[in-house]
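So this one's run_2.txt, compact mmCIF, C-alpha atoms:
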# COMPACT_ATOMS: atom_id res chain seq x y z
CA MET C 1 2.71 -14.90 42.31
CA LYS C 2 5.55 -13.13 44.08
CA GLU C 3 5.51 -9.49 45.19
CA ILE C 4 8.71 -7.69 44.25
CA ASP C 5 9.45 -4.76 46.57
CA SER C 6 12.65 -3.31 45.05
CA PHE C 7 15.11 -3.56 42.17
CA ASN C 8 17.42 -5.56 44.47
CA SER C 9 14.64 -8.08 45.11
CA LEU C 10 14.13 -8.37 41.38
CA LYS C 11 17.85 -8.98 40.83
CA ASN C 12 17.75 -11.79 43.40
CA GLU C 13 14.78 -13.41 41.65
CA LEU C 14 16.46 -13.06 38.25
CA ALA C 15 19.60 -14.76 39.56
CA GLY C 16 17.60 -17.84 40.54
CA ASN C 17 15.34 -18.14 37.50
CA GLU C 18 16.10 -18.65 33.80
CA ASN C 19 12.79 -17.03 32.82
CA LEU C 20 10.74 -14.56 34.83
CA TRP C 21 7.74 -12.35 34.11
CA LEU C 22 7.11 -9.16 36.08
CA LEU C 23 3.89 -7.15 35.87
CA LEU C 24 4.44 -3.49 36.67
CA MET C 25 1.12 -2.00 37.71
CA LYS C 26 -0.43 0.82 39.72
CA LYS C 27 -3.15 -0.23 42.15
CA GLY C 28 -6.29 1.83 41.75
CA SER C 29 -5.88 2.36 38.00
CA ASP C 30 -8.56 0.62 35.89
CA GLN C 31 -6.06 -0.69 33.31
CA SER C 32 -3.62 -1.87 35.99
CA ASP C 33 -6.35 -3.51 38.07
CA CYS C 34 -7.55 -5.32 34.92
CA ALA C 35 -3.99 -6.49 34.14
CA TYR C 36 -3.44 -7.61 37.74
CA ARG C 37 -6.70 -9.61 37.81
CA ASN C 38 -5.94 -11.39 34.53
CA PHE C 39 -2.26 -11.99 35.34
CA ALA C 40 -3.14 -13.26 38.84
CA ALA C 41 -5.66 -15.70 37.30
CA LEU C 42 -2.78 -17.07 35.25
CA SER C 43 -0.77 -18.00 38.35
CA SER C 44 -3.16 -20.86 39.13
CA GLU C 45 -2.76 -22.25 35.59
CA VAL C 46 1.05 -22.17 35.25
CA LYS C 47 2.59 -23.54 38.43
CA ASP C 48 6.15 -24.01 37.11
CA LYS C 49 6.66 -20.40 35.94
CA THR C 50 8.04 -17.47 37.92
CA LEU C 51 5.36 -14.78 37.87
CA CYS C 52 5.93 -11.57 39.81
CA VAL C 53 4.15 -8.28 40.37
CA THR C 54 5.21 -4.81 41.47
CA ASP C 55 3.04 -1.83 42.40
CA VAL C 56 4.78 1.34 41.16
CA ASN C 57 2.89 3.34 43.80
CA THR C 58 5.32 1.95 46.38
CA VAL C 59 8.23 0.54 44.32
CA ARG C 60 9.81 3.36 42.35
CA ASP C 61 13.15 1.99 41.18
CA ILE C 62 12.26 -0.90 38.82
CA HIS C 63 10.38 0.98 36.11
CA GLN C 64 13.07 3.66 36.06
CA GLU C 65 15.81 1.04 35.71
CA PHE C 66 14.20 -0.31 32.52
CA GLY C 67 12.89 2.97 31.12
CA ILE C 68 9.23 2.01 31.51
CA ASN C 69 7.02 5.10 31.59
CA SER C 70 3.52 3.61 31.48
CA VAL C 71 1.74 0.86 33.34
CA PRO C 72 0.50 -1.78 33.21
CA THR C 73 3.50 -3.32 31.48
CA LEU C 74 4.57 -6.95 31.56
CA LEU C 75 8.34 -7.42 31.48
CA SER C 76 9.73 -10.71 30.21
CA PHE C 77 13.22 -11.71 31.34
CA GLU C 78 15.41 -14.46 29.92
CA ARG C 79 18.67 -15.39 31.66
CA GLY C 80 18.54 -12.19 33.69
CA LYS C 81 18.07 -9.86 30.72
CA LEU C 82 14.96 -7.97 29.67
CA LYS C 83 13.74 -9.53 26.42
CA ASN C 84 10.22 -8.20 25.83
CA THR C 85 7.61 -5.82 27.14
CA VAL C 86 3.86 -6.01 26.65
CA LYS C 87 1.88 -2.90 27.51
CA GLY C 88 -1.73 -2.67 28.60
CA CYS C 89 -4.25 -5.09 30.04
CA GLN C 90 -4.24 -8.46 28.27
CA LEU C 91 -6.69 -11.33 28.56
CA THR C 92 -5.59 -14.19 30.80
CA ALA C 93 -5.30 -16.38 27.68
CA GLN C 94 -2.97 -13.85 26.10
CA TYR C 95 -0.80 -13.68 29.23
CA LYS C 96 -0.71 -17.48 29.24
CA ASN C 97 0.44 -17.54 25.64
CA ILE C 98 3.15 -14.98 26.40
CA VAL C 99 4.44 -17.03 29.34
CA GLU C 100 4.22 -20.43 27.65
CA HIS C 101 5.69 -19.30 24.32
CA ILE C 102 8.45 -16.90 25.25
CA GLY C 103 8.31 -13.91 22.93
CA THR C 104 5.12 -14.97 21.16
CA VAL C 105 1.68 -13.44 21.53
CA SER C 106 -1.46 -14.61 19.80
CA LYS C 107 -5.17 -15.16 20.29
CA GLU C 108 -6.57 -18.64 20.71
CA ASN C 109 -8.66 -18.38 17.54
CA VAL C 110 -5.87 -17.86 15.02
CA THR C 111 -7.30 -17.78 11.50
CA SER C 112 -7.01 -20.78 9.22
CA LYS C 113 -5.15 -18.80 6.52
CA ALA C 114 -1.58 -19.76 5.68
CA VAL C 115 0.62 -19.05 8.67
CA LYS C 116 2.81 -15.98 8.21
CA ASN C 117 6.12 -15.43 9.94
CA VAL C 118 5.55 -12.11 11.74
CA ILE C 119 8.19 -10.31 13.79
CA VAL C 120 7.52 -6.93 15.43
CA TYR C 121 10.53 -4.81 16.37
CA THR C 122 9.65 -2.55 19.31
CA THR C 123 10.93 -0.44 22.19
CA PRO C 124 9.31 -0.22 25.64
CA THR C 125 8.23 3.43 25.27
CA CYS C 126 6.70 3.22 21.78
CA SER C 127 2.93 3.81 21.70
CA TRP C 128 2.68 2.84 18.00
CA CYS C 129 4.34 -0.47 18.88
CA THR C 130 1.51 -1.11 21.32
CA ALA C 131 -1.02 -0.19 18.63
CA VAL C 132 0.41 -2.63 16.07
CA LYS C 133 0.56 -5.46 18.64
CA ARG C 134 -3.03 -4.77 19.69
CA HIS C 135 -4.05 -4.90 16.00
CA PHE C 136 -2.44 -8.33 15.67
CA GLN C 137 -4.11 -9.58 18.85
CA GLU C 138 -7.53 -8.34 17.71
CA ASN C 139 -7.10 -10.15 14.39
CA GLY C 140 -5.69 -13.41 15.80
CA ILE C 141 -2.23 -12.94 14.26
CA ALA C 142 0.59 -14.80 16.02
CA TYR C 143 3.79 -12.77 16.18
CA ARG C 144 7.17 -12.61 17.85
CA GLU C 145 8.20 -9.36 19.51
CA ILE C 146 11.82 -8.22 19.66
CA ASN C 147 12.68 -5.31 21.95
CA VAL C 148 15.47 -3.57 20.01
CA ALA C 149 16.26 -1.36 23.01
CA ALA C 150 17.39 -4.50 24.87
CA ASP C 151 18.89 -6.37 21.90
CA GLN C 152 21.42 -4.32 19.93
CA ASP C 153 22.17 -7.17 17.49
CA ALA C 154 18.47 -7.33 16.58
CA ALA C 155 18.41 -3.53 16.18
CA MET C 156 21.30 -3.76 13.70
CA ARG C 157 19.59 -6.58 11.76
CA MET C 158 16.38 -4.54 11.62
CA MET C 159 18.23 -1.49 10.29
CA GLN C 160 20.04 -3.61 7.67
CA LYS C 161 16.73 -5.03 6.43
CA SER C 162 14.78 -1.76 6.25
CA GLY C 163 17.36 1.01 6.22
CA GLN C 164 15.36 2.65 9.03
CA GLN C 165 15.89 3.06 12.78
CA GLY C 166 12.37 3.93 13.96
CA VAL C 167 9.91 1.52 15.50
CA PRO C 168 7.58 -0.20 15.18
CA GLN C 169 8.83 -2.21 12.27
CA THR C 170 7.08 -5.39 11.26
CA GLU C 171 8.67 -8.16 9.23
CA ILE C 172 6.08 -10.30 7.47
CA ASN C 173 7.59 -13.29 5.65
CA GLY C 174 10.77 -11.28 5.09
CA GLN C 175 9.06 -8.07 3.92
CA MET C 176 9.57 -5.01 6.16
CA VAL C 177 6.81 -2.56 7.07
CA VAL C 178 8.05 0.62 8.75
CA GLY C 179 5.64 2.22 11.22
CA PHE C 180 2.05 1.16 11.80
CA ASP C 181 1.05 1.12 8.12
CA LYS C 182 -2.25 -0.63 8.74
CA ALA C 183 -3.24 -0.91 5.07
CA LYS C 184 0.06 -2.55 4.06
CA ILE C 185 0.07 -4.84 7.11
CA ASN C 186 -3.53 -5.92 6.41
CA ARG C 187 -2.71 -6.61 2.75
CA LEU C 188 0.38 -8.69 3.60
CA LEU C 189 -1.51 -10.64 6.28
CA GLU C 190 -4.70 -10.97 4.24
CA ILE C 191 -6.79 -9.20 6.86
CA ASN C 192 -10.04 -7.85 5.41
How does the structure come out when it is put into structure tokens?
Amino acid sequence: MKEIDSFNSLKNELAGNENLWLLLMKKGSDQSDCAYRNFAALSSEVKDKTLCVTDVNTVRDIHQEFGINSVPTLLSFERGKLKNTVKGCQLTAQYKNIVEHIGTVSKENVTSKAVKNVIVYTTPTCSWCTAVKRHFQENGIAYREINVAADQDAAMRMMQKSGQQGVPQTEINGQMVVGFDKAKINRLLEIN
């Protein structure tokens, strides 16, 4: 796992890697220390992936560049562009799934019900987005996250489907759910 010490260092790493994951964390914080431990454990399992870490105590330009205002946050880059963010401390298995299946997060014990196509439209600063993703993780629901702050085409598609701008929005087999409407989401996903 590589330490990134500035935005310029990050740009250099992005130039040389098609995909890169960067954990923004703050040493000494329980959540960040948890995220660091679990993300670091991943580095021994996925040798061919570019995993990086930055401590915002000493590196102050990266989180500002991407509008990240809470840590820990995992940033996922594809071809030099920010594609997804995942907030909070995740299990090592969840980090592994994020890294191995770009844009997809799920638990190992996904239910045996019919697989649903689930897309969550988010922004990096949205606390309700984090809540809906956590709900999916707790219930073993595989989903794809699209950061509409970084993908304007996706933002336009989302607005065309729902008529709404706010996030989170969840698309479940083509049906849009605006906000974290837990009852509707549970009904559509058959979560008891």
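Distances here use only C-alpha atoms; by that measure, the residue among C:Gly166, C:Gly28, C:Gly174, C:Gly88 closest to Val148 in chain C is C:Gly166.
CA of Val132 in chain C sits 27.9 Å away from CA of Glu45 in chain C.
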Please identify all polymer residues lying at most 6 Å from the point (2.1, -17.4, 13.5) (file coordinates), using all atoms listed in the file, and present the result as a compact mmCIF listing (two decimals) with C-alpha atoms, keeping the file's coordinate frame.
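selection_17.txt written:
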# COMPACT_ATOMS: atom_id res chain seq x y z
CA VAL C 115 0.62 -19.05 8.67
CA LYS C 116 2.81 -15.98 8.21
CA ASN C 117 6.12 -15.43 9.94
CA ALA C 142 0.59 -14.80 16.02
CA TYR C 143 3.79 -12.77 16.18
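Using only C-alpha atoms, the shortest contact distance between Asp48 in chain C and any of C:Ser32, C:Asn8, C:Asn147, C:Asn17 is found at C:Asn17.
Interatomic distance, CA of Val86 in chain C to CA of Thr73 in chain C: 5.5 Å.
Of note, CA of Asn192 in chain C and CA of Gln137 in chain C are spaced 14.8 Å apart.
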Would you compute the box with edges along x, y and z of the file around range 153-170 of chain C, including every atom the file lists for it and 6 Å extra on each side, and give its centre and edge lengths in Å to one decimal, as JSON?
{"center_x": 14.6, "center_y": -1.7, "center_z": 11.9, "size_x": 27.1, "size_y": 23.3, "size_z": 23.3}
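In this comparison, which uses all atoms listed in the file, the residue of C:Gln160, C:Gln90, C:Gln64, C:Thr122 approaching Glu145 in chain C most closely is C:Thr122.
Using only C-alpha atoms, the shortest contact distance between Ser9 in chain C and any of C:Asp61, C:Glu100, C:Glu78, C:Glu138 is found at C:Asp61.
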At a cut-off of 10 Å, using only C-alpha atoms, what residues contact Lys81 in chain C? Leave out same-chain residues fewer than 2 positions from it and give the result as a tab-separated table (two decimals) with C-alpha atoms, keeping the file's coordinate frame.
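Below is the file part_4.tsv, written as the result:
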chain	number	residue	atom	x	y	z
C	14	LEU	CA	16.46	-13.06	38.25
C	18	GLU	CA	16.10	-18.65	33.80
C	19	ASN	CA	12.79	-17.03	32.82
C	20	LEU	CA	10.74	-14.56	34.83
C	76	SER	CA	9.73	-10.71	30.21
C	77	PHE	CA	13.22	-11.71	31.34
C	78	GLU	CA	15.41	-14.46	29.92
C	79	ARG	CA	18.67	-15.39	31.66
C	83	LYS	CA	13.74	-9.53	26.42
C	84	ASN	CA	10.22	-8.20	25.83
C	150	ALA	CA	17.39	-4.50	24.87
C	151	ASP	CA	18.89	-6.37	21.90
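In terms of minimum interatomic distance to Leu42 in chain C, C:Thr92 ranks closest within C:Thr92, C:Ser162, C:Asn12, C:Thr130, counting only C-alpha atoms.
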Got a sec: who's within 10 Å of Phe66 in chain C, counting all atoms listed in the file, leaving out chain neighbours fewer than 6 positions off, as an mmCIF file with C-alpha atoms, keeping the file's coordinate frame?
data_model
loop_
_atom_site.group_PDB
_atom_site.id
_atom_site.type_symbol
_atom_site.label_atom_id
_atom_site.label_comp_id
_atom_site.auth_asym_id
_atom_site.auth_seq_id
_atom_site.Cartn_x
_atom_site.Cartn_y
_atom_site.Cartn_z
ATOM 1 C CA LEU C 75 8.340 -7.420 31.480
ATOM 2 C CA LEU C 82 14.960 -7.970 29.670
ATOM 3 C CA PRO C 124 9.310 -0.220 25.640
ATOM 4 C CA ALA C 149 16.260 -1.360 23.010
ATOM 5 C CA ALA C 150 17.390 -4.500 24.870
#
For this session: Rank C:Ile4, C:Val71, C:Val59, C:Ala41 by their smallest atom-to-atom distance to Ala93 in chain C, using only C-alpha atoms, and report the top residue only.
Result: C:Ala41
